[in-house]
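Novice: For reference, the file coords_27.txt (compact mmCIF, C-alpha atoms and all ligand atoms) is included below:
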```txt
# COMPACT_ATOMS: atom_id res chain seq x y z
CA MET A 23 -57.04 -102.45 -16.28
CA ILE A 24 -59.21 -104.60 -14.01
CA GLU A 25 -60.74 -103.06 -10.89
CA VAL A 26 -62.88 -105.07 -8.46
CA LYS A 27 -64.22 -103.54 -5.24
CA GLY A 28 -66.42 -105.02 -2.52
CA PHE A 29 -67.79 -107.58 -4.99
CA SER A 30 -70.00 -110.53 -3.96
CA PHE A 31 -71.90 -112.99 -6.11
CA THR A 32 -74.39 -115.80 -5.39
CA TYR A 33 -75.53 -118.29 -8.08
CA PRO A 34 -79.33 -118.45 -8.57
CA THR A 35 -79.79 -121.84 -6.87
CA ALA A 36 -77.08 -121.43 -4.22
CA SER A 37 -77.61 -120.67 -0.54
CA ARG A 38 -74.18 -119.10 -0.01
CA PRO A 39 -72.06 -116.75 -2.11
CA ALA A 40 -69.46 -118.15 -4.53
CA LEU A 41 -67.54 -114.88 -4.10
CA HIS A 42 -67.72 -112.72 -1.00
CA ASP A 43 -66.51 -109.14 -0.64
CA ILE A 44 -63.51 -109.37 -2.93
CA GLY A 45 -61.33 -106.51 -4.14
CA PHE A 46 -58.18 -106.23 -6.25
CA GLU A 47 -56.68 -104.32 -9.17
CA VAL A 48 -54.57 -105.43 -12.12
CA GLY A 49 -52.92 -102.85 -14.37
CA PRO A 50 -51.69 -102.91 -17.98
CA HIS A 51 -48.52 -104.99 -18.50
CA GLU A 52 -49.40 -106.96 -15.36
CA LEU A 53 -50.12 -110.65 -14.96
CA CYS A 54 -52.16 -111.53 -11.88
CA ALA A 55 -52.41 -115.22 -11.02
CA VAL A 56 -55.29 -116.67 -9.02
CA VAL A 57 -54.79 -119.84 -6.98
CA GLY A 58 -57.01 -121.70 -4.53
CA GLY A 59 -58.45 -125.10 -3.70
CA SER A 60 -61.38 -126.79 -5.40
CA GLY A 61 -64.60 -124.81 -5.11
CA ALA A 62 -62.80 -121.67 -3.86
CA GLY A 63 -64.43 -119.51 -6.55
CA LYS A 64 -61.65 -119.26 -9.17
CA SER A 65 -63.74 -120.07 -12.27
CA THR A 66 -66.52 -117.87 -10.95
CA LEU A 67 -64.03 -115.01 -10.73
CA ALA A 68 -62.90 -115.70 -14.32
CA GLY A 69 -66.55 -115.52 -15.42
CA VAL A 70 -67.15 -112.30 -13.51
CA VAL A 71 -64.13 -110.48 -14.96
CA SER A 72 -64.89 -111.71 -18.50
CA GLY A 73 -68.50 -110.55 -18.12
CA THR A 74 -70.28 -113.90 -18.52
CA ILE A 75 -71.29 -113.90 -14.82
CA PRO A 76 -73.91 -112.78 -13.99
CA HIS A 77 -74.98 -111.81 -17.55
CA LEU A 78 -75.39 -115.43 -18.70
CA THR A 79 -75.92 -117.21 -15.38
CA GLY A 80 -78.23 -114.88 -13.52
CA GLY A 81 -77.77 -114.76 -9.74
CA SER A 82 -77.28 -111.83 -7.42
CA ALA A 83 -74.24 -109.58 -7.51
CA GLU A 84 -73.20 -106.53 -5.55
CA GLY A 85 -70.12 -104.33 -5.62
CA LEU A 86 -68.04 -103.04 -8.50
CA VAL A 87 -66.30 -104.77 -11.42
CA GLN A 88 -64.68 -102.50 -13.99
CA VAL A 89 -62.68 -103.36 -17.08
CA ASN A 90 -60.88 -100.36 -18.59
CA GLY A 91 -63.14 -98.07 -16.63
CA ARG A 92 -66.34 -99.71 -17.90
CA ASP A 93 -68.70 -100.98 -15.27
CA LEU A 94 -69.56 -104.57 -16.25
CA ALA A 95 -72.95 -104.45 -14.54
CA ASP A 96 -74.05 -101.84 -17.11
CA THR A 97 -72.27 -103.32 -20.15
CA PRO A 98 -73.97 -105.99 -22.28
CA LEU A 99 -71.70 -108.90 -23.32
CA SER A 100 -71.71 -107.68 -26.92
CA GLY A 101 -70.16 -104.42 -25.69
CA LEU A 102 -67.19 -106.32 -24.28
CA VAL A 103 -65.95 -107.82 -27.55
CA GLY A 104 -62.53 -106.30 -28.09
CA GLU A 105 -62.34 -105.22 -24.42
CA VAL A 106 -61.94 -108.54 -22.67
CA GLY A 107 -61.15 -112.03 -23.97
CA LEU A 108 -61.64 -115.38 -22.23
CA VAL A 109 -59.54 -118.51 -22.83
CA MET A 110 -60.64 -121.72 -21.17
CA GLN A 111 -59.17 -125.10 -20.16
CA ASN A 112 -59.83 -127.19 -23.20
CA PRO A 113 -58.39 -125.76 -26.44
CA PHE A 114 -60.33 -128.30 -28.50
CA ASN A 115 -63.67 -126.84 -27.36
CA GLN A 116 -62.62 -123.33 -28.39
CA ILE A 117 -61.94 -124.11 -32.03
CA SER A 118 -64.93 -123.00 -34.08
CA GLY A 119 -64.81 -126.00 -36.43
CA ALA A 120 -66.10 -123.66 -39.12
CA ARG A 121 -62.70 -122.92 -40.69
CA PHE A 122 -60.14 -125.09 -42.52
CA SER A 123 -56.82 -123.50 -41.55
CA VAL A 124 -55.16 -121.94 -38.52
CA ARG A 125 -55.01 -118.59 -40.34
CA GLU A 126 -58.73 -118.68 -41.17
CA GLU A 127 -59.59 -119.73 -37.63
CA ILE A 128 -57.76 -116.71 -36.21
CA ALA A 129 -59.49 -114.43 -38.74
CA PHE A 130 -62.95 -115.80 -37.88
CA GLY A 131 -63.84 -113.28 -35.15
CA LEU A 132 -62.61 -110.34 -37.26
CA GLU A 133 -64.74 -111.48 -40.20
CA ASN A 134 -67.76 -111.40 -37.91
CA MET A 135 -66.84 -107.86 -36.88
CA GLY A 136 -66.60 -106.75 -40.51
CA VAL A 137 -62.92 -105.70 -40.31
CA PRO A 138 -61.59 -104.77 -43.80
CA ARG A 139 -59.62 -107.56 -45.57
CA ASP A 140 -56.20 -105.84 -45.63
CA GLU A 141 -56.33 -104.95 -41.98
CA MET A 142 -57.58 -108.44 -41.16
CA ALA A 143 -54.65 -110.09 -42.97
CA ALA A 144 -52.13 -107.82 -41.23
CA ARG A 145 -53.61 -108.46 -37.77
CA VAL A 146 -53.72 -112.21 -38.32
CA ASP A 147 -50.09 -112.26 -39.53
CA THR A 148 -48.98 -110.32 -36.47
CA VAL A 149 -50.72 -112.72 -34.10
CA LEU A 150 -49.33 -115.77 -35.96
CA ARG A 151 -45.83 -114.31 -35.64
CA ASP A 152 -46.17 -113.25 -31.99
CA LEU A 153 -47.38 -116.70 -30.97
CA GLY A 154 -44.92 -118.64 -33.14
CA LEU A 155 -47.71 -120.16 -35.27
CA THR A 156 -46.61 -118.85 -38.68
CA LYS A 157 -45.16 -122.20 -39.76
CA VAL A 158 -48.48 -123.98 -39.15
CA ARG A 159 -50.70 -121.22 -40.58
CA ASP A 160 -52.06 -123.38 -43.43
CA ARG A 161 -52.59 -126.52 -41.36
CA SER A 162 -55.95 -127.67 -40.03
CA PRO A 163 -56.45 -126.65 -36.37
CA TYR A 164 -57.17 -130.31 -35.65
CA GLU A 165 -53.65 -131.36 -36.77
CA LEU A 166 -51.95 -129.20 -34.13
CA SER A 167 -50.54 -130.40 -30.81
CA GLY A 168 -52.55 -129.57 -27.67
CA GLY A 169 -50.15 -126.72 -26.85
CA GLN A 170 -50.42 -125.28 -30.35
CA GLN A 171 -54.23 -125.58 -30.19
CA GLN A 172 -54.23 -123.57 -26.97
CA LEU A 173 -51.99 -120.97 -28.65
CA LEU A 174 -54.55 -120.87 -31.45
CA ALA A 175 -57.34 -120.28 -28.91
CA ILE A 176 -55.25 -117.47 -27.38
CA GLY A 177 -54.53 -116.07 -30.87
CA SER A 178 -58.23 -116.08 -31.81
CA VAL A 179 -58.90 -113.89 -28.77
CA LEU A 180 -55.74 -111.79 -29.06
CA VAL A 181 -56.50 -110.80 -32.67
CA MET A 182 -59.53 -108.89 -31.35
CA ARG A 183 -57.01 -106.76 -29.40
CA PRO A 184 -58.63 -106.99 -26.00
CA ALA A 185 -57.12 -104.81 -23.28
CA VAL A 186 -57.83 -107.59 -20.78
CA MET A 187 -57.33 -111.36 -21.12
CA VAL A 188 -58.74 -113.88 -18.66
CA LEU A 189 -57.35 -117.43 -18.85
CA ASP A 190 -59.03 -120.17 -16.80
CA GLU A 191 -56.52 -123.01 -16.35
CA PRO A 192 -55.22 -122.79 -19.92
CA THR A 193 -52.54 -125.45 -19.33
CA SER A 194 -54.54 -128.03 -17.40
CA GLN A 195 -55.00 -130.27 -20.48
CA LEU A 196 -51.42 -129.78 -21.71
CA ASP A 197 -48.11 -131.55 -21.18
CA ALA A 198 -44.95 -129.72 -20.09
CA ALA A 199 -44.03 -128.71 -23.67
CA GLY A 200 -47.55 -127.35 -24.35
CA SER A 201 -47.53 -125.42 -21.06
CA ALA A 202 -44.17 -123.89 -21.93
CA LEU A 203 -45.67 -122.56 -25.18
CA VAL A 204 -48.61 -121.02 -23.34
CA PHE A 205 -46.41 -119.36 -20.70
CA GLU A 206 -44.19 -117.95 -23.44
CA ALA A 207 -47.33 -116.50 -25.08
CA LEU A 208 -48.32 -114.97 -21.72
CA GLY A 209 -44.97 -113.18 -21.66
CA THR A 210 -45.76 -111.76 -25.11
CA LEU A 211 -49.18 -110.52 -23.95
CA ARG A 212 -47.58 -108.79 -21.02
CA GLU A 213 -44.99 -107.06 -23.22
CA GLN A 214 -47.84 -105.83 -25.42
CA GLY A 215 -49.51 -104.18 -22.42
CA VAL A 216 -52.40 -106.61 -22.01
CA THR A 217 -53.83 -106.87 -18.49
CA THR A 218 -53.91 -110.59 -17.69
CA LEU A 219 -55.82 -112.58 -15.08
CA LEU A 220 -54.64 -116.20 -14.99
CA ILE A 221 -56.18 -119.07 -13.06
CA GLU A 222 -53.43 -121.65 -12.86
CA HIS A 223 -52.26 -124.76 -11.02
CA ARG A 224 -48.71 -124.89 -12.36
CA MET A 225 -47.16 -123.12 -9.42
CA GLU A 226 -43.54 -123.26 -10.53
CA ARG A 227 -44.33 -121.48 -13.73
CA LEU A 228 -46.62 -118.89 -12.21
CA ALA A 229 -44.07 -118.15 -9.45
CA ARG A 230 -41.78 -116.95 -12.26
CA ALA A 231 -44.37 -115.40 -14.57
CA ALA A 232 -46.81 -113.55 -12.28
CA ASP A 233 -46.51 -109.99 -10.99
CA HIS A 234 -49.15 -110.59 -8.32
CA VAL A 235 -50.84 -113.65 -6.85
CA LEU A 236 -54.30 -113.79 -5.25
CA VAL A 237 -55.36 -116.71 -3.07
CA LEU A 238 -59.08 -117.49 -3.02
CA HIS A 239 -60.29 -119.58 -0.11
CA GLY A 240 -63.87 -120.04 1.06
CA SER A 241 -65.15 -117.58 -1.59
CA THR A 242 -62.94 -114.70 -0.51
CA ILE A 243 -59.42 -113.38 -1.07
CA VAL A 244 -57.26 -114.44 1.86
CA ALA A 245 -53.89 -113.26 0.52
CA LYS A 246 -52.55 -111.05 -2.24
CA GLY A 247 -49.07 -109.82 -3.06
CA SER A 248 -45.95 -110.76 -4.99
CA PRO A 249 -45.40 -114.48 -5.76
CA GLY A 250 -42.52 -114.48 -3.22
CA GLU A 251 -44.74 -113.12 -0.43
CA VAL A 252 -47.86 -115.14 -1.11
CA LEU A 253 -46.54 -118.54 -2.21
CA ALA A 254 -44.09 -118.81 0.69
CA ASP A 255 -46.85 -118.10 3.24
CA GLU A 256 -47.02 -120.91 5.78
CA ARG A 257 -50.85 -120.93 5.59
CA LEU A 258 -50.84 -121.86 1.89
CA GLU A 259 -51.71 -125.51 2.55
CA GLU A 260 -54.57 -124.50 4.90
CA TRP A 261 -55.91 -122.50 1.95
CA GLY A 262 -55.96 -125.63 -0.21
CA VAL A 263 -52.85 -124.86 -2.26
CA ALA A 264 -49.82 -127.17 -2.27
CA PRO A 265 -46.64 -125.22 -1.49
CA LEU A 266 -43.71 -125.33 -3.91
CA ARG A 267 -41.07 -127.97 -3.20
CA TYR A 268 -38.39 -125.25 -2.97
CA THR A 269 -40.29 -123.54 -0.16
CA VAL A 270 -40.89 -126.82 1.66
CA ALA A 271 -37.20 -127.80 1.43
CA ALA A 272 -36.04 -124.39 2.68
CA ARG A 273 -38.60 -124.39 5.52
CA ARG A 274 -37.31 -127.77 6.70
CA ALA A 275 -33.75 -126.53 6.41
CA ALA A 276 -34.66 -123.37 8.36
CA ALA A 277 -36.11 -125.49 11.18
CA ARG A 278 -32.63 -127.03 11.54
CA GLY A 279 -30.83 -123.69 11.29
CA LEU A 280 -29.70 -124.44 7.75
CA TRP A 281 -31.34 -121.54 5.90
CA PRO A 282 -29.87 -118.00 6.06
CA GLY A 283 -31.98 -116.26 8.75
CA ALA A 284 -32.79 -112.98 6.99
CA ARG A 285 -33.48 -114.54 3.59
CA PRO A 286 -37.16 -115.08 2.62
CA LEU A 287 -38.14 -118.66 1.81
CA PRO A 288 -37.76 -119.30 -1.93
CA VAL A 289 -40.52 -119.91 -4.50
CA THR A 290 -38.22 -120.44 -7.49
CA LEU A 291 -35.37 -122.81 -8.22
CA ASP A 292 -32.93 -119.90 -8.62
CA ALA A 293 -33.83 -118.40 -5.24
CA ALA A 294 -33.53 -121.86 -3.61
CA ALA A 295 -30.12 -122.44 -5.19
CA GLU A 296 -28.90 -119.03 -3.97
CA GLY A 297 -30.14 -119.64 -0.42
CA PHE A 298 -28.69 -123.13 -0.13
CA GLY A 299 -25.48 -121.85 -1.75
CA ALA A 300 -25.22 -119.18 0.95
CA THR A 301 -25.75 -121.82 3.66
CA VAL A 302 -23.00 -124.03 2.23
CA ALA A 303 -20.60 -121.06 1.96
CA HIS A 304 -21.36 -120.16 5.59
CA LEU A 305 -20.74 -123.75 6.77
CA ASP A 306 -17.48 -123.89 4.75
CA ARG A 307 -16.22 -120.73 6.47
CA GLY A 308 -17.13 -122.24 9.85
CA ASP A 309 -15.12 -125.40 9.02
CA ARG A 310 -12.08 -123.40 8.05
CA ARG A 311 -11.96 -121.42 11.26
N1 LIG B 401 -73.64 -122.83 -11.92
C1 LIG B 401 -73.52 -122.91 -10.58
N2 LIG B 401 -74.63 -122.92 -9.79
C2 LIG B 401 -74.53 -122.99 -8.45
N3 LIG B 401 -73.35 -123.06 -7.78
C3 LIG B 401 -72.21 -123.06 -8.52
C4 LIG B 401 -72.24 -123.00 -9.95
N4 LIG B 401 -70.97 -123.02 -10.40
C5 LIG B 401 -70.17 -123.09 -9.30
N5 LIG B 401 -70.92 -123.12 -8.18
C6 LIG B 401 -70.42 -123.17 -6.78
O1 LIG B 401 -69.68 -121.96 -6.57
C7 LIG B 401 -68.53 -122.24 -5.76
C8 LIG B 401 -67.27 -121.79 -6.52
O2 LIG B 401 -67.14 -122.63 -7.68
P1 LIG B 401 -65.99 -122.40 -8.76
O3 LIG B 401 -66.23 -123.34 -9.87
O4 LIG B 401 -65.88 -120.96 -9.07
O5 LIG B 401 -64.70 -122.85 -7.92
P2 LIG B 401 -63.23 -123.19 -8.45
O6 LIG B 401 -62.30 -122.56 -7.47
O7 LIG B 401 -63.08 -122.81 -9.87
O8 LIG B 401 -63.17 -124.77 -8.29
P3 LIG B 401 -62.38 -125.87 -9.19
O9 LIG B 401 -60.90 -125.63 -8.95
O10 LIG B 401 -62.85 -127.16 -8.58
O11 LIG B 401 -62.79 -125.66 -10.61
C9 LIG B 401 -68.56 -123.74 -5.46
O12 LIG B 401 -69.15 -123.92 -4.21
C10 LIG B 401 -69.44 -124.30 -6.56
O13 LIG B 401 -70.11 -125.47 -6.12
```
Let me see the file written as structure tokens.
Specialist:
Amino acid sequence: MIEVKGFSFTYPTASRPALHDIGFEVGPHELCAVVGGSGAGKSTLAGVVSGTIPHLTGGSAEGLVQVNGRDLADTPLSGLVGEVGLVMQNPFNQISGARFSVREEIAFGLENMGVPRDEMAARVDTVLRDLGLTKVRDRSPYELSGGQQQLLAIGSVLVMRPAVMVLDEPTSQLDAAGSALVFEALGTLREQGVTTLLIEHRMERLARAADHVLVLHGSTIVAKGSPGEVLADERLEEWGVAPLRYTVAARRAAARGLWPGARPLPVTLDAAAEGFGATVAHLDRGDRR
């Protein structure tokens, strides 16, 4: 569970806050996506929820940030191991380089925690299976594709069994196939009850995968709700986020009376196909009369 209330943060050298008076909650089994233009405060938010900001950066913070009921202001970073895990953009930078195989790399954090060998092997096998990495378990991390490397980074965090995962643009360095692997893994996390905060640019995928979407603009949250509510908002572009092509097409159709009036604008291909299908059926009936 993530709970943020009335939270503001200013970096040590900055004259204005990077986050201003933000509040939201994400529960277990929920995936909350964060979108926003450049400089909106997305990575800062990822740092705040994963505990690195302000612990490592300094700066001034006010308000409440809780992870599983623990107030992050009073919790040292070492106390958050196993509570919250952070996965970043570049999978390559997250590989320790200290281990020879994928299996050993995933076990690395557990070794440092002194987890008994049997339990360690069982936990590593489970993560390998859940993320579809079993077949590459004996390969060097450096021989994997970018998508598999990012799965490995996710696995290395997941094996610590954090209740909360924060992912800061985990697919930005990946091609479509690599992104598909990561989004599949996000589905697995959600099934397992992990609370997930995802900063992401791939709107089509997050429109299908997220339970909630937050829009950050000018350091504050300007919209939050379901993907359908938030991503079809006509102010999205003003907030620095490019709308989905399905929404744009339906909005243009609506302006010409070619979108069913009561139907919300679509954010997924399926919803667009249904809406345009209904329009065509309506026009067909009109022709036949
Ligand atoms: N270490 C820092 N010191 C001072 N200011 C910073 C620091 N890091 C970020 N900022 C500022 O905080 C604001 C929010 O930055 P942040 O990186 O969180 O935005 P973002 O939404 O992740 O942007 P992008 O999509 O470009 O990565 C920006 O104005 C940025 O210049």
Novice: Write out as a short mmCIF file (atom, residue, chain, number, x, y, z; two decimals) with C-alpha atoms, keeping the file's coordinate frame the residues lying within 8 Å of region 170-177 of chain A, counting only C-alpha atoms and excluding same-chain residues fewer than 4 positions away.
Specialist:
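selection-v7.cif, freshly written:
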```cif
data_model
loop_
_atom_site.label_atom_id
_atom_site.label_comp_id
_atom_site.auth_asym_id
_atom_site.auth_seq_id
_atom_site.Cartn_x
_atom_site.Cartn_y
_atom_site.Cartn_z
CA VAL A 109 -59.54 -118.51 -22.83
CA ASN A 112 -59.83 -127.19 -23.20
CA PRO A 113 -58.39 -125.76 -26.44
CA PHE A 114 -60.33 -128.30 -28.50
CA GLN A 116 -62.62 -123.33 -28.39
CA ILE A 117 -61.94 -124.11 -32.03
CA VAL A 124 -55.16 -121.94 -38.52
CA ILE A 128 -57.76 -116.71 -36.21
CA VAL A 149 -50.72 -112.72 -34.10
CA LEU A 150 -49.33 -115.77 -35.96
CA LEU A 153 -47.38 -116.70 -30.97
CA LEU A 155 -47.71 -120.16 -35.27
CA PRO A 163 -56.45 -126.65 -36.37
CA TYR A 164 -57.17 -130.31 -35.65
CA LEU A 166 -51.95 -129.20 -34.13
CA VAL A 181 -56.50 -110.80 -32.67
CA PRO A 192 -55.22 -122.79 -19.92
CA GLY A 200 -47.55 -127.35 -24.35
CA LEU A 203 -45.67 -122.56 -25.18
CA VAL A 204 -48.61 -121.02 -23.34
CA ALA A 207 -47.33 -116.50 -25.08
#
```
Novice: Using all atoms listed in the file, which protein or nucleic acid residues are at most 12 Å from ligand LIG 401 (chain B), as a PyMOL selection string?
Specialist: chain A and resi 30-42+56-70+74-76+78-82+110-111+189-191+194+220-223+237-243+261-263
Novice: Can you work out which one of A:Gly169, A:Pro98, A:Gly45, A:Pro138 has the shortest atom-to-atom distance to His77 (chain A), counting all atoms listed in the file?
Specialist: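 The closest residue to His77 (chain A) is A:Pro98.
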Novice: Calculated over all atoms listed in the file, which of the candidates A:Ala198, A:Val244, A:Leu94, A:Ala120 has the smallest distance to Ile44 (chain A)?
Specialist: A:Val244
Novice: Could you tell me how far CA of Phe122 (chain A) lies from CA of Ser162 (chain A), in Å and to one decimal?
Specialist: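 Between CA of Phe122 (chain A) and CA of Ser162 (chain A) the gap is 5.5 Å.
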Novice: Just the number, please: distance in Å from CA of Ala55 (chain A) to CA of Val235 (chain A), one decimal.
Specialist: 4.7 Å
Novice: Please determine, counting all atoms listed in the file, which residue among A:Gly283, A:Leu258, A:Met225, A:Ala232 has the shortest atom-to-atom distance to Leu208 (chain A).
Specialist: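 Using all atoms listed in the file, Leu208 (chain A) sits closest to A:Ala232.
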Novice: Dig up all the protein and nucleic acid residues within 6 Å of (-60.7, -114.1, -23.4) in the file frame, using only C-alpha atoms, and format them as a ChimeraX atom specification.
Specialist: /A:106-109,179,187-188
Novice: Mind filling out region 31-49 of chain A with N, CA and C atoms and sending it as an mmCIF file, in the coordinates of the input?
Specialist:
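Output saved as out.cif:
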```cif
data_model
loop_
_atom_site.group_PDB
_atom_site.id
_atom_site.type_symbol
_atom_site.label_atom_id
_atom_site.label_comp_id
_atom_site.auth_asym_id
_atom_site.auth_seq_id
_atom_site.Cartn_x
_atom_site.Cartn_y
_atom_site.Cartn_z
ATOM 1 N N PHE A 31 -70.996 -112.389 -5.123
ATOM 2 C CA PHE A 31 -71.900 -112.990 -6.110
ATOM 3 C C PHE A 31 -72.444 -114.321 -5.580
ATOM 4 N N THR A 32 -73.755 -114.527 -5.767
ATOM 5 C CA THR A 32 -74.390 -115.800 -5.390
ATOM 6 C C THR A 32 -75.125 -116.356 -6.605
ATOM 7 N N TYR A 33 -74.830 -117.642 -6.956
ATOM 8 C CA TYR A 33 -75.530 -118.290 -8.080
ATOM 9 C C TYR A 33 -77.019 -118.413 -7.756
ATOM 10 N N PRO A 34 -77.879 -118.481 -8.806
ATOM 11 C CA PRO A 34 -79.330 -118.450 -8.570
ATOM 12 C C PRO A 34 -79.832 -119.532 -7.600
ATOM 13 N N THR A 35 -79.255 -120.754 -7.710
ATOM 14 C CA THR A 35 -79.790 -121.840 -6.870
ATOM 15 C C THR A 35 -79.001 -122.012 -5.576
ATOM 16 N N ALA A 36 -77.986 -121.195 -5.343
ATOM 17 C CA ALA A 36 -77.080 -121.430 -4.220
ATOM 18 C C ALA A 36 -77.562 -120.730 -2.956
ATOM 19 N N SER A 37 -77.195 -121.295 -1.795
ATOM 20 C CA SER A 37 -77.610 -120.670 -0.540
ATOM 21 C C SER A 37 -76.508 -119.776 0.011
ATOM 22 N N ARG A 38 -75.255 -119.972 -0.480
ATOM 23 C CA ARG A 38 -74.180 -119.100 -0.010
ATOM 24 C C ARG A 38 -73.404 -118.528 -1.192
ATOM 25 N N PRO A 39 -72.749 -117.384 -0.982
ATOM 26 C CA PRO A 39 -72.060 -116.750 -2.110
ATOM 27 C C PRO A 39 -70.875 -117.552 -2.617
ATOM 28 N N ALA A 40 -70.652 -117.519 -3.936
ATOM 29 C CA ALA A 40 -69.460 -118.150 -4.530
ATOM 30 C C ALA A 40 -68.286 -117.189 -4.444
ATOM 31 N N LEU A 41 -68.582 -115.880 -4.344
ATOM 32 C CA LEU A 41 -67.540 -114.880 -4.100
ATOM 33 C C LEU A 41 -68.084 -113.927 -3.054
ATOM 34 N N HIS A 42 -67.235 -113.584 -2.074
ATOM 35 C CA HIS A 42 -67.720 -112.720 -1.000
ATOM 36 C C HIS A 42 -66.755 -111.564 -0.751
ATOM 37 N N ASP A 43 -67.231 -110.364 -0.989
ATOM 38 C CA ASP A 43 -66.510 -109.140 -0.640
ATOM 39 C C ASP A 43 -65.058 -109.144 -1.126
ATOM 40 N N ILE A 44 -64.880 -109.337 -2.427
ATOM 41 C CA ILE A 44 -63.510 -109.370 -2.930
ATOM 42 C C ILE A 44 -63.124 -108.038 -3.572
ATOM 43 N N GLY A 45 -61.844 -107.740 -3.531
ATOM 44 C CA GLY A 45 -61.330 -106.510 -4.140
ATOM 45 C C GLY A 45 -59.891 -106.698 -4.584
ATOM 46 N N PHE A 46 -59.564 -106.221 -5.752
ATOM 47 C CA PHE A 46 -58.180 -106.230 -6.250
ATOM 48 C C PHE A 46 -58.116 -105.385 -7.518
ATOM 49 N N GLU A 47 -56.885 -105.062 -7.919
ATOM 50 C CA GLU A 47 -56.680 -104.320 -9.170
ATOM 51 C C GLU A 47 -55.552 -104.963 -9.943
ATOM 52 N N VAL A 48 -55.663 -104.976 -11.262
ATOM 53 C CA VAL A 48 -54.570 -105.430 -12.120
ATOM 54 C C VAL A 48 -54.400 -104.381 -13.221
ATOM 55 N N GLY A 49 -53.176 -103.910 -13.398
ATOM 56 C CA GLY A 49 -52.920 -102.850 -14.370
ATOM 57 C C GLY A 49 -52.409 -103.388 -15.695
#
```
